[in-house]
$ cat work_24.txt   # compact mmCIF, C-alpha atoms
# COMPACT_ATOMS: atom_id res chain seq x y z
CA LEU A 1072 0.00 0.00 0.00
CA PHE A 1073 2.88 2.39 0.72
CA LEU A 1074 4.33 1.63 -2.74
CA THR A 1075 0.97 2.16 -4.45
CA SER A 1076 0.47 5.50 -2.66
CA PHE A 1077 3.93 6.66 -3.76
CA GLN A 1078 3.30 5.61 -7.36
CA ASP A 1079 -0.20 7.11 -7.31
CA LEU A 1080 0.94 10.63 -6.40
CA PHE A 1081 4.10 10.29 -8.49
CA GLY A 1082 2.04 9.59 -11.60
CA VAL A 1083 -0.61 12.22 -10.92
CA SER A 1084 1.89 14.96 -10.05
CA MET A 1085 3.69 14.29 -13.34
CA VAL A 1086 0.55 15.14 -15.31
CA VAL A 1087 -1.38 17.76 -13.32
CA PRO A 1088 1.13 20.66 -13.62
CA LEU A 1089 1.10 20.22 -17.43
CA MET A 1090 -2.67 20.17 -17.90
CA ASN A 1091 -3.26 23.91 -18.23
CA LEU A 1092 -0.54 24.19 -20.86
CA HIS A 1093 -2.00 21.24 -22.77
CA ILE A 1094 -5.59 22.45 -22.79
CA LYS A 1095 -4.47 25.90 -23.93
CA SER A 1096 -2.50 24.26 -26.76
CA LEU A 1097 -5.79 22.65 -27.82
CA GLY A 1098 -7.28 26.12 -28.30
CA ALA A 1099 -9.21 26.54 -25.04
CA SER A 1100 -9.43 29.96 -23.42
CA HIS A 1101 -8.46 30.71 -19.82
CA THR A 1102 -12.16 30.75 -18.89
CA VAL A 1103 -12.84 27.33 -20.42
CA ALA A 1104 -9.76 25.89 -18.70
CA GLY A 1105 -11.00 27.30 -15.38
CA ILE A 1106 -14.49 25.86 -15.87
CA ILE A 1107 -13.08 22.40 -16.62
CA GLY A 1108 -10.91 22.57 -13.51
CA SER A 1109 -13.92 23.60 -11.42
CA LEU A 1110 -16.06 20.77 -12.81
CA TYR A 1111 -13.38 18.29 -11.79
CA GLY A 1112 -13.40 19.74 -8.27
CA VAL A 1113 -17.20 19.50 -8.09
CA MET A 1114 -17.12 15.85 -9.21
CA GLN A 1115 -14.53 15.09 -6.52
CA LEU A 1116 -16.64 16.92 -3.94
CA PHE A 1117 -19.79 14.85 -4.50
CA SER A 1118 -18.20 11.52 -5.37
CA SER A 1119 -15.75 11.14 -2.48
CA THR A 1120 -18.44 10.44 0.12
CA PHE A 1121 -20.31 7.99 -2.13
CA VAL A 1122 -17.18 6.09 -3.19
CA GLY A 1123 -15.91 5.91 0.40
CA CYS A 1124 -19.27 4.60 1.60
CA TRP A 1125 -19.38 2.15 -1.31
CA SER A 1126 -16.03 0.76 -0.14
CA ASP A 1127 -17.61 0.03 3.28
CA ILE A 1128 -20.33 -1.99 1.57
CA VAL A 1129 -18.56 -3.99 -1.16
CA GLY A 1130 -15.15 -4.25 0.53
CA ARG A 1131 -11.85 -2.40 0.16
CA ARG A 1132 -10.23 -4.73 -2.39
CA TYR A 1133 -13.04 -4.52 -4.96
CA SER A 1134 -13.62 -0.78 -4.56
CA LEU A 1135 -9.89 0.04 -4.63
CA LEU A 1136 -9.36 -2.07 -7.75
CA ALA A 1137 -12.35 -0.44 -9.46
CA CYS A 1138 -11.09 3.08 -8.64
CA ILE A 1139 -7.55 2.30 -9.80
CA LEU A 1140 -8.65 0.78 -13.12
CA LEU A 1141 -11.18 3.53 -13.91
CA SER A 1142 -8.58 6.17 -13.06
CA ALA A 1143 -6.16 4.41 -15.40
CA LEU A 1144 -8.83 4.60 -18.10
CA GLY A 1145 -9.19 8.34 -17.50
CA TYR A 1146 -5.45 8.99 -17.84
CA PHE A 1147 -5.29 6.75 -20.93
CA LEU A 1148 -8.06 8.86 -22.52
CA LEU A 1149 -6.12 11.96 -21.46
CA GLY A 1150 -3.15 10.61 -23.43
CA THR A 1151 -5.35 10.51 -26.56
CA SER A 1152 -7.02 13.90 -26.02
CA THR A 1153 -6.40 15.87 -29.20
CA THR A 1154 -9.49 18.09 -28.73
CA VAL A 1155 -11.02 19.97 -25.82
CA PHE A 1156 -14.03 17.61 -25.88
CA LEU A 1157 -11.84 14.52 -25.45
CA PHE A 1158 -9.96 16.30 -22.67
CA VAL A 1159 -13.24 16.91 -20.80
CA ILE A 1160 -14.34 13.28 -21.32
CA SER A 1161 -11.03 12.02 -19.93
CA ARG A 1162 -11.54 13.98 -16.70
CA VAL A 1163 -14.92 12.36 -15.91
CA PRO A 1164 -13.75 8.89 -14.71
CA VAL A 1165 -10.86 10.49 -12.82
CA GLY A 1166 -13.11 13.09 -11.22
CA ILE A 1167 -15.55 10.44 -10.01
CA PHE A 1168 -13.24 7.56 -9.07
CA LYS A 1169 -9.87 9.10 -8.20
CA HIS A 1170 -10.21 8.31 -4.49
CA THR A 1171 -7.57 5.62 -4.31
CA LEU A 1172 -5.65 7.26 -1.46
CA SER A 1173 -8.78 7.62 0.70
CA ILE A 1174 -9.72 3.96 0.25
CA SER A 1175 -6.12 2.92 0.95
CA LYS A 1176 -6.24 4.86 4.22
CA ALA A 1177 -9.53 3.15 5.10
CA LEU A 1178 -7.90 -0.21 4.36
CA LEU A 1179 -4.94 0.64 6.59
CA SER A 1180 -7.30 1.65 9.40
CA ASP A 1181 -8.97 -1.77 9.07
CA LEU A 1182 -5.68 -3.66 9.25
CA VAL A 1183 -3.83 -1.88 12.07
CA SER A 1184 -4.67 -1.28 15.71
CA GLU A 1185 -5.87 2.11 16.92
CA ARG A 1186 -2.64 2.51 18.84
CA ASP A 1187 -0.50 2.10 15.70
CA ARG A 1188 -2.84 3.96 13.34
CA PRO A 1189 -1.24 7.47 13.62
CA LEU A 1190 2.21 5.96 13.04
CA VAL A 1191 1.09 3.99 9.98
CA MET A 1192 -0.91 6.92 8.58
CA GLY A 1193 2.07 9.21 9.03
CA ARG A 1194 4.34 6.87 7.11
CA PHE A 1195 1.67 6.45 4.43
CA ASN A 1196 1.46 10.24 4.01
CA ALA A 1197 5.27 10.41 3.91
CA ALA A 1198 5.40 7.85 1.09
CA SER A 1199 2.76 9.83 -0.81
CA SER A 1200 4.64 13.09 -0.30
CA VAL A 1201 7.84 11.63 -1.78
CA GLY A 1202 5.90 10.84 -4.95
CA PHE A 1203 4.50 14.37 -4.98
CA ILE A 1204 8.00 15.82 -4.73
CA LEU A 1205 9.54 13.71 -7.51
CA GLY A 1206 6.60 13.66 -9.93
CA PRO A 1207 6.67 17.30 -11.15
CA VAL A 1208 10.42 17.04 -11.81
CA VAL A 1209 10.01 13.98 -14.06
CA GLY A 1210 6.91 15.43 -15.72
CA GLY A 1211 8.70 18.72 -16.45
CA TYR A 1212 11.62 16.81 -17.97
CA LEU A 1213 9.35 14.72 -20.25
CA ALA A 1214 7.41 17.83 -21.30
CA GLU A 1215 10.54 19.16 -23.00
CA PHE A 1216 10.25 16.47 -25.68
CA GLU A 1217 7.84 16.54 -28.62
CA GLY A 1218 4.54 14.97 -27.56
CA GLY A 1219 5.81 14.94 -23.99
CA PHE A 1220 2.37 15.49 -22.44
CA TYR A 1221 0.91 12.46 -24.19
CA GLN A 1222 3.85 10.31 -23.09
CA THR A 1223 3.45 11.53 -19.52
CA ALA A 1224 -0.29 10.72 -19.51
CA PHE A 1225 0.35 7.19 -20.84
CA ILE A 1226 3.06 6.64 -18.21
CA CYS A 1227 0.60 7.77 -15.51
CA ALA A 1228 -2.04 5.33 -16.85
CA SER A 1229 0.57 2.54 -16.83
CA ILE A 1230 1.45 3.34 -13.22
CA PHE A 1231 -2.20 2.97 -12.23
CA LEU A 1232 -2.40 -0.37 -14.04
CA LEU A 1233 0.71 -1.48 -12.15
CA ASN A 1234 -0.95 -0.40 -8.90
CA GLY A 1235 -4.00 -2.46 -9.86
CA GLY A 1236 -1.78 -5.51 -10.22
CA LEU A 1237 -0.15 -4.85 -6.85
CA VAL A 1238 -3.54 -4.53 -5.12
CA TRP A 1239 -4.75 -7.73 -6.82
CA MET A 1240 -1.69 -9.60 -5.49
CA LEU A 1241 -1.96 -7.98 -2.05
CA PRO A 1242 -1.99 -10.79 0.57
CA TRP A 1243 -5.08 -9.42 2.27
CA SER A 1244 -8.68 -10.49 2.62
CA GLU A 1245 -11.68 -9.45 4.69
CA GLU A 1246 -10.72 -12.13 7.24
CA ASN A 1247 -7.52 -10.26 8.15
CA THR A 1248 -9.58 -7.58 9.86
CA GLY A 1249 -11.18 -10.18 12.07
CA ASN A 1250 -7.76 -11.63 12.89
CA ARG A 1251 -6.49 -8.16 13.88
CA VAL A 1252 -9.45 -7.76 16.24
CA HIS A 1253 -8.76 -11.19 17.68
CA TYR A 1254 -5.13 -10.44 18.50
CA GLN A 1255 -6.03 -7.06 19.96
CA ASP A 1256 -8.62 -8.63 22.26
CA LYS A 1257 -6.21 -11.38 23.21
CA GLY A 1258 -3.79 -8.84 24.65
CA THR A 1259 -6.24 -7.08 26.96
CA ASN A 1260 -8.41 -8.04 29.88
CA SER A 1261 -10.80 -5.08 29.67
CA PHE A 1262 -13.45 -7.05 27.79
CA SER A 1263 -15.50 -9.91 29.15
CA ALA A 1264 -15.81 -13.26 27.41
CA LYS A 1265 -19.33 -12.36 26.30
CA SER A 1266 -18.09 -9.09 24.80
CA ASN A 1267 -15.40 -10.94 22.87
CA HIS A 1268 -17.94 -13.44 21.58
CA ASP A 1269 -20.29 -10.67 20.44
CA LEU A 1270 -17.46 -8.77 18.81
CA HIS A 1271 -16.27 -11.81 16.84
CA SER A 1272 -19.85 -12.63 15.81
CA LYS A 1273 -20.32 -9.07 14.58
CA SER A 1274 -17.01 -9.22 12.70
CA ALA A 1275 -17.91 -12.51 11.01
CA THR A 1276 -21.35 -11.21 10.05
CA GLY A 1277 -19.79 -8.02 8.66
CA ARG A 1278 -17.36 -10.03 6.53
CA ALA A 1279 -20.17 -12.16 5.15
CA VAL A 1280 -22.20 -9.08 4.27
CA THR A 1281 -19.22 -7.37 2.67
CA ASN A 1282 -18.33 -10.39 0.54
CA SER A 1283 -21.91 -10.78 -0.71
CA SER A 1284 -22.64 -7.07 -1.17
CA PHE A 1285 -20.41 -6.80 -4.23
CA PHE A 1286 -22.74 -9.15 -6.11
CA GLN A 1287 -25.93 -7.42 -5.03
CA SER A 1288 -28.11 -5.31 -7.29
CA PRO A 1289 -26.68 -1.81 -7.92
CA TRP A 1290 -29.91 -0.35 -6.54
CA ILE A 1291 -29.44 -2.24 -3.26
CA GLN A 1292 -25.86 -0.94 -3.07
CA VAL A 1293 -27.03 2.64 -3.72
CA ALA A 1294 -29.68 2.32 -1.00
CA SER A 1295 -27.06 1.02 1.44
CA VAL A 1296 -24.73 3.89 0.55
CA LEU A 1297 -27.45 6.50 1.16
CA LYS A 1298 -28.35 4.86 4.48
CA LYS A 1299 -24.74 5.01 5.68
CA ILE A 1300 -24.36 8.64 4.58
CA LYS A 1301 -27.56 9.54 6.45
CA GLY A 1302 -26.14 7.87 9.56
CA ILE A 1303 -22.96 9.97 9.36
CA ALA A 1304 -24.95 13.15 8.68
CA CYS A 1305 -27.08 12.56 11.78
CA SER A 1306 -24.13 11.71 14.02
CA ASN A 1307 -22.29 13.97 16.48
CA LEU A 1308 -19.22 14.34 14.28
CA TRP A 1309 -20.10 17.80 12.96
CA ASP A 1310 -17.55 19.54 15.19
CA ILE A 1311 -14.68 17.33 13.99
CA PHE A 1312 -15.55 17.96 10.35
CA LEU A 1313 -15.88 21.68 11.09
CA VAL A 1314 -12.39 21.71 12.65
CA ARG A 1315 -11.07 19.89 9.57
CA PHE A 1316 -12.76 22.43 7.29
CA LEU A 1317 -11.45 25.47 9.17
CA MET A 1318 -7.87 24.18 9.38
CA SER A 1319 -7.92 23.13 5.71
CA VAL A 1320 -9.05 26.58 4.61
CA ALA A 1321 -6.47 28.21 6.89
CA ILE A 1322 -3.61 26.22 5.35
CA LEU A 1323 -4.92 26.78 1.82
CA LEU A 1324 -5.07 30.53 2.51
CA TYR A 1325 -1.46 30.42 3.68
CA TYR A 1326 -0.35 28.88 0.39
CA SER A 1327 -2.83 30.73 -1.85
CA ASN A 1328 -0.70 33.82 -2.53
CA PHE A 1329 2.61 32.54 -1.13
CA THR A 1330 4.72 33.23 -4.24
CA LEU A 1331 3.10 36.58 -5.03
CA ALA A 1332 3.26 37.79 -1.41
CA LEU A 1333 6.97 36.96 -1.11
CA GLU A 1334 7.69 38.92 -4.27
CA GLU A 1335 5.66 41.95 -3.14
CA ARG A 1336 6.88 41.96 0.47
CA PHE A 1337 10.53 40.94 0.11
CA GLY A 1338 11.31 41.15 -3.61
CA VAL A 1339 11.92 37.39 -3.74
CA LYS A 1340 11.78 35.72 -7.15
CA PRO A 1341 9.25 32.91 -7.84
CA LEU A 1342 12.12 30.43 -8.24
CA PHE A 1343 13.14 30.92 -4.60
CA ALA A 1344 9.51 30.49 -3.50
CA GLY A 1345 9.39 27.21 -5.43
CA TYR A 1346 12.54 25.99 -3.70
CA LEU A 1347 11.07 26.97 -0.34
CA MET A 1348 7.86 25.03 -1.01
CA SER A 1349 9.86 21.95 -2.10
CA TYR A 1350 11.94 22.28 1.08
CA SER A 1351 8.73 22.34 3.15
CA SER A 1352 7.39 19.27 1.33
CA ALA A 1353 10.61 17.38 2.07
CA LEU A 1354 10.31 18.30 5.75
CA GLY A 1355 6.72 17.06 5.65
CA VAL A 1356 8.04 13.63 4.65
CA LEU A 1357 10.38 13.70 7.65
CA ALA A 1358 7.50 14.71 9.93
CA GLY A 1359 5.49 11.71 8.73
CA CYS A 1360 8.36 9.39 9.65
CA LEU A 1361 8.68 10.98 13.11
CA LEU A 1362 4.99 10.74 13.91
CA GLY A 1363 5.40 7.43 15.78
CA PRO A 1364 7.81 8.75 18.42
CA ILE A 1365 5.76 11.96 18.74
CA THR A 1366 2.49 10.09 19.40
CA SER A 1367 4.32 7.89 21.94
CA LEU A 1368 5.55 11.05 23.66
CA TYR A 1369 1.92 12.20 23.91
CA GLY A 1370 0.80 8.84 25.27
CA HIS A 1371 -1.22 8.21 22.06
CA ASN A 1372 -3.59 11.03 22.98
CA THR A 1373 -4.65 12.12 19.50
CA TYR A 1374 -6.84 14.97 20.71
CA ARG A 1375 -4.08 16.65 22.71
CA LEU A 1376 -1.60 16.25 19.84
CA LEU A 1377 -4.11 17.72 17.38
CA LEU A 1378 -4.85 20.66 19.69
CA HIS A 1379 -1.17 21.46 20.16
CA SER A 1380 -0.29 21.06 16.46
CA SER A 1381 -3.24 23.29 15.44
CA THR A 1382 -2.19 25.93 17.98
CA PHE A 1383 1.38 25.74 16.69
CA THR A 1384 0.12 26.07 13.11
CA CYS A 1385 -1.87 29.17 14.07
CA VAL A 1386 1.19 30.78 15.74
CA LEU A 1387 3.44 29.99 12.76
CA ILE A 1388 1.00 31.47 10.22
CA LEU A 1389 0.81 34.57 12.41
CA LEU A 1390 4.62 34.70 12.42
CA TYR A 1391 4.63 34.48 8.63
CA ALA A 1392 1.98 37.21 8.28
CA SER A 1393 3.98 39.58 10.52
CA ALA A 1394 7.44 38.58 9.24
CA LEU A 1395 9.89 41.46 8.79
CA SER A 1396 12.51 39.47 6.89
CA ILE A 1397 12.73 36.44 4.61
CA TRP A 1398 14.51 34.53 7.38
CA MET A 1399 11.37 34.66 9.52
CA VAL A 1400 9.44 33.23 6.57
CA ILE A 1401 11.95 30.38 6.24
CA LEU A 1402 11.71 29.71 9.99
CA SER A 1403 7.90 29.61 9.94
CA SER A 1404 7.87 27.39 6.82
CA THR A 1405 10.28 24.95 8.46
CA PHE A 1406 8.15 24.29 11.53
CA LEU A 1407 4.85 24.65 9.66
CA ALA A 1408 5.77 21.59 7.57
CA PHE A 1409 5.84 19.56 10.79
CA SER A 1410 2.71 20.99 12.41
CA THR A 1411 0.50 20.66 9.32
CA THR A 1412 1.63 17.08 8.62
CA ILE A 1413 0.95 16.05 12.22
CA GLY A 1414 -2.40 17.87 12.29
CA ARG A 1415 -3.56 16.29 9.03
CA THR A 1416 -2.84 12.79 10.34
CA CYS A 1417 -4.36 13.45 13.76
CA ILE A 1418 -7.67 14.76 12.43
CA ILE A 1419 -8.10 11.57 10.37
CA ASP A 1420 -7.30 9.42 13.40
CA LEU A 1421 -9.77 11.40 15.54
CA GLU A 1422 -12.51 10.95 12.92
CA LEU A 1423 -11.98 7.19 12.91
CA THR A 1424 -11.70 6.98 16.72
CA VAL A 1425 -14.95 8.86 17.37
CA GLY A 1426 -16.82 7.55 14.33
CA GLY A 1427 -15.67 3.94 14.52
CA ASN A 1428 -13.89 1.74 12.01
CA GLU A 1429 -17.14 0.15 10.82
CA ALA A 1430 -17.67 3.08 8.43
CA SER A 1431 -14.08 4.20 7.92
CA GLY A 1432 -14.53 4.54 4.16
CA THR A 1433 -17.58 6.77 4.62
CA LEU A 1434 -15.83 8.88 7.26
CA LEU A 1435 -12.76 9.42 5.10
CA GLY A 1436 -14.97 10.17 2.10
CA VAL A 1437 -16.94 12.81 4.02
CA GLY A 1438 -13.68 14.28 5.28
CA GLN A 1439 -12.39 14.46 1.72
CA SER A 1440 -15.60 16.24 0.67
CA VAL A 1441 -15.15 18.74 3.50
CA THR A 1442 -11.60 19.44 2.30
CA SER A 1443 -12.89 19.82 -1.28
CA VAL A 1444 -15.34 22.48 -0.11
CA GLY A 1445 -12.38 24.26 1.45
CA ARG A 1446 -10.50 24.13 -1.86
CA ILE A 1447 -13.47 25.77 -3.57
CA ILE A 1448 -13.94 28.51 -0.95
CA ALA A 1449 -10.29 29.31 -0.17
CA PRO A 1450 -9.42 30.95 -3.54
CA LEU A 1451 -12.46 33.25 -3.22
CA LEU A 1452 -11.55 34.28 0.34
CA SER A 1453 -7.94 34.74 -0.69
CA GLY A 1454 -8.87 37.03 -3.57
CA ILE A 1455 -11.03 39.21 -1.32
CA ALA A 1456 -8.38 39.36 1.42
CA GLN A 1457 -5.63 40.30 -1.06
CA GLU A 1458 -7.59 43.40 -2.00
CA PHE A 1459 -6.62 44.82 1.39
CA SER A 1460 -3.06 43.54 1.83
CA PRO A 1461 -0.61 40.82 0.70
CA CYS A 1462 -0.81 39.67 4.32
CA GLY A 1463 -4.61 39.46 4.12
CA PRO A 1464 -4.94 35.73 3.35
CA PRO A 1465 -2.59 34.51 6.12
CA SER A 1466 -4.18 36.96 8.58
CA LEU A 1467 -7.61 35.52 7.76
CA ALA A 1468 -6.09 32.04 8.14
CA VAL A 1469 -5.02 32.90 11.69
CA GLY A 1470 -8.61 33.85 12.56
CA LEU A 1471 -10.04 30.60 11.15
CA ALA A 1472 -7.43 28.53 12.98
CA LEU A 1473 -8.32 30.28 16.25
CA VAL A 1474 -12.00 29.38 15.73
CA ALA A 1475 -10.99 25.73 15.18
CA ILE A 1476 -8.96 25.77 18.41
CA VAL A 1477 -11.90 27.24 20.34
CA ILE A 1478 -14.21 24.50 18.99
CA MET A 1479 -11.74 21.79 20.04
CA ASN A 1480 -11.51 23.25 23.54
CA ALA A 1481 -15.30 23.51 23.80
CA ASN A 1482 -15.64 19.79 22.98
CA LYS A 1483 -12.66 18.69 25.05
CA GLN A 1484 -14.70 16.35 27.25
CA LYS A 1485 -16.04 14.36 24.31
CA TYR A 1486 -12.63 13.93 22.71
CA CYS A 1487 -10.96 12.99 25.97
CA SER A 1488 -13.63 10.39 26.77
CA HIS A 1489 -13.02 8.70 23.43
CA GLY A 1490 -9.30 8.93 23.97
CA SER A 1491 -9.57 7.19 27.35
CA VAL A 1492 -11.64 4.38 25.82
CA LYS A 1493 -9.05 4.06 23.08
CA LEU A 1494 -6.26 3.68 25.65
CA LYS A 1495 -8.23 1.13 27.68
CA ASN A 1496 -8.80 -0.98 24.55
CA GLN A 1497 -5.07 -1.11 24.03
$ encode --input "work_24.txt" --output "structure tokens"
Amino acid sequence: LFLTSFQDLFGVSMVVPLMNLHIKSLGASHTVAGIIGSLYGVMQLFSSTFVGCWSDIVGRRYSLLACILLSALGYFLLGTSTTVFLFVISRVPVGIFKHTLSISKALLSDLVSERDRPLVMGRFNAASSVGFILGPVVGGYLAEFEGGFYQTAFICASIFLLNGGLVWMLPWSEENTGNRVHYQDKGTNSFSAKSNHDLHSKSATGRAVTNSSFFQSPWIQVASVLKKIKGIACSNLWDIFLVRFLMSVAILLYYSNFTLALEERFGVKPLFAGYLMSYSSALGVLAGCLLGPITSLYGHNTYRLLLHSSTFTCVLILLYASALSIWMVILSSTFLAFSTTIGRTCIIDLELTVGGNEASGTLLGVGQSVTSVGRIIAPLLSGIAQEFSPCGPPSLAVGLALVAIVIMNANKQKYCSHGSVKLKNQ
């Protein structure tokens, strides 16, 4: 799974930076290119929850394979797109089914214990980030050749097909989840024999349902998906998703005018800003690898770690917004790479801890939709804030982060109660 996540982002990041240049070479205007990009974002927004919920119903292996193969089809069509119409058609399967990373995270949450989940998720994000760092370099190199975009798109499609083969050969089945539960229960005395029996019966029933659901009528699957989504919508997770939304928008605002603001405030060239962003991404990989020792230092208290990382993020963005020299910007970017990586992993772990692993695909899908809404809103807020000052977007980001911190403090009792149950179960 770590290899597939690396290859996934490596392939995608090769192609995505070249798309605007390609669609303009096909004769599309800036407006048309923007509309196509927005349509892709809207498809991702509405499909992530449904695909994540679908993975809970039919099983991770089948849903992950389907998403990988349909994404490969989309990038193959992109490699044959010689007109704007074909370009738009190629984005449809990718826009609907490109949720491979979310399903992989749900699969990891099924296979590992709650205690080890932040560590594994951190390493998973680190592997993905390495692909994101290397992909644009390779894509930019291939773009220098004649027909380079088409070659890059075909390579990306081939990478997805390779990932499909790896997932197919993955030595995993629905029974492994039950085995993980068994070994976890074996190591603790906090559950009674009756509780263990009920838990194993529930696990076996769930596996039977999952294995048979893939062969059910599509209408039955759709009804099951809608029922699960309704259950999440009526749950008490609204505050966690709101914290995720606010922190996502805050970080997006920080990056929204990063290059332009550095040039206006300090006379720094875009090339230096690019190097600084690559430096931050590399540090993010390191932060993912260090997440295990950090969570151990916090006694595996995800809430407390999330609260502290969010507070640290807020302070660092404030430092950037009030920076008097480029060295203060470099300092804030250095530590921000750590705080944002830790916060991103912790919010996912908190969603799964409070919401339960039974609907991990749905929870991750809803979380992805929440982040997608942030990606739609952040550019608008950034544009309005920049009308007042180059420091407007990060200043607004500080305010949103403070609201998120207040919400976390207001719901401290709920988070801590779940955290104590989590520790008892370990």
$ closest_residue --input "work_24.txt" --among "A:Ser1410, A:Thr1384, A:Ser1393, A:Thr1424" --to "Leu1471 in chain A" --atoms "only C-alpha atoms"
A:Thr1384
$ residues_around --input "work_24.txt" --residues "Gly1426 in chain A" --least-positions-apart "5" --cutoff "8 Å" --atoms "all atoms listed in the file" --output "MDAnalysis selection string"
chainID A and resid 1308 1431 1434
$ residues_around --input "work_24.txt" --residues "Leu1205 in chain A" --least-positions-apart "5" --cutoff "9 Å" --atoms "all atoms listed in the file" --output "PyMOL selection string"
chain A and resi 1081+1084-1085+1200+1210
$ closest_residue --input "work_24.txt" --among "A:Thr1151, A:Ser1380, A:Leu1407, A:Val1159" --to "Gly1105 in chain A" --atoms "only C-alpha atoms"
A:Val1159
$ residues_around --input "work_24.txt" --residues "Val1086 in chain A" --least-positions-apart "2" --cutoff "9 Å" --atoms "all atoms listed in the file" --output "MDAnalysis selection string"
chainID A and resid 1082:1084 1088:1090 1146 1206:1207 1210:1211 1220 1223:1224 1227
$ closest_residue --input "work_24.txt" --among "A:Ser1184, A:Thr1412, A:Asn1372, A:Asn1482" --to "Met1318 in chain A" --atoms "all atoms listed in the file"
A:Thr1412
$ residues_around --input "work_24.txt" --residues "Trp1239 in chain A" --least-positions-apart "5" --cutoff "12 Å" --atoms "all atoms listed in the file" --output "mmCIF file with C-alpha atoms, keeping the file's coordinate frame"
data_model
loop_
_atom_site.group_PDB
_atom_site.id
_atom_site.type_symbol
_atom_site.label_atom_id
_atom_site.label_comp_id
_atom_site.auth_asym_id
_atom_site.auth_seq_id
_atom_site.Cartn_x
_atom_site.Cartn_y
_atom_site.Cartn_z
ATOM 1 C CA LEU A 1072 0.000 0.000 0.000
ATOM 2 C CA THR A 1075 0.970 2.160 -4.450
ATOM 3 C CA ARG A 1131 -11.850 -2.400 0.160
ATOM 4 C CA ARG A 1132 -10.230 -4.730 -2.390
ATOM 5 C CA TYR A 1133 -13.040 -4.520 -4.960
ATOM 6 C CA SER A 1134 -13.620 -0.780 -4.560
ATOM 7 C CA LEU A 1135 -9.890 0.040 -4.630
ATOM 8 C CA LEU A 1136 -9.360 -2.070 -7.750
ATOM 9 C CA ALA A 1137 -12.350 -0.440 -9.460
ATOM 10 C CA ILE A 1139 -7.550 2.300 -9.800
ATOM 11 C CA LEU A 1140 -8.650 0.780 -13.120
ATOM 12 C CA LEU A 1232 -2.400 -0.370 -14.040
ATOM 13 C CA LEU A 1233 0.710 -1.480 -12.150
ATOM 14 C CA ASN A 1234 -0.950 -0.400 -8.900
ATOM 15 C CA SER A 1244 -8.680 -10.490 2.620
#
$ atom_distance --input "work_24.txt" --atom1 "CA of Tyr1111 in chain A" --atom2 "CA of Gly1166 in chain A"
5.2 Å
$ closest_residue --input "work_24.txt" --among "A:Val1441, A:Val1208, A:Ala1104, A:Ile1413" --to "Cys1360 in chain A" --atoms "only C-alpha atoms"
A:Ile1413
$ atom_distance --input "work_24.txt" --atom1 "CA of Thr1373 in chain A" --atom2 "CA of Trp1309 in chain A"
17.7 Å
$ residues_near_point --input "work_24.txt" --point "(2.5, 19.6, 8.6)" --cutoff "10 Å" --atoms "only C-alpha atoms" --output "ChimeraX atom specification"
/A:1322,1351-1352,1354-1359,1380-1381,1384,1404-1416
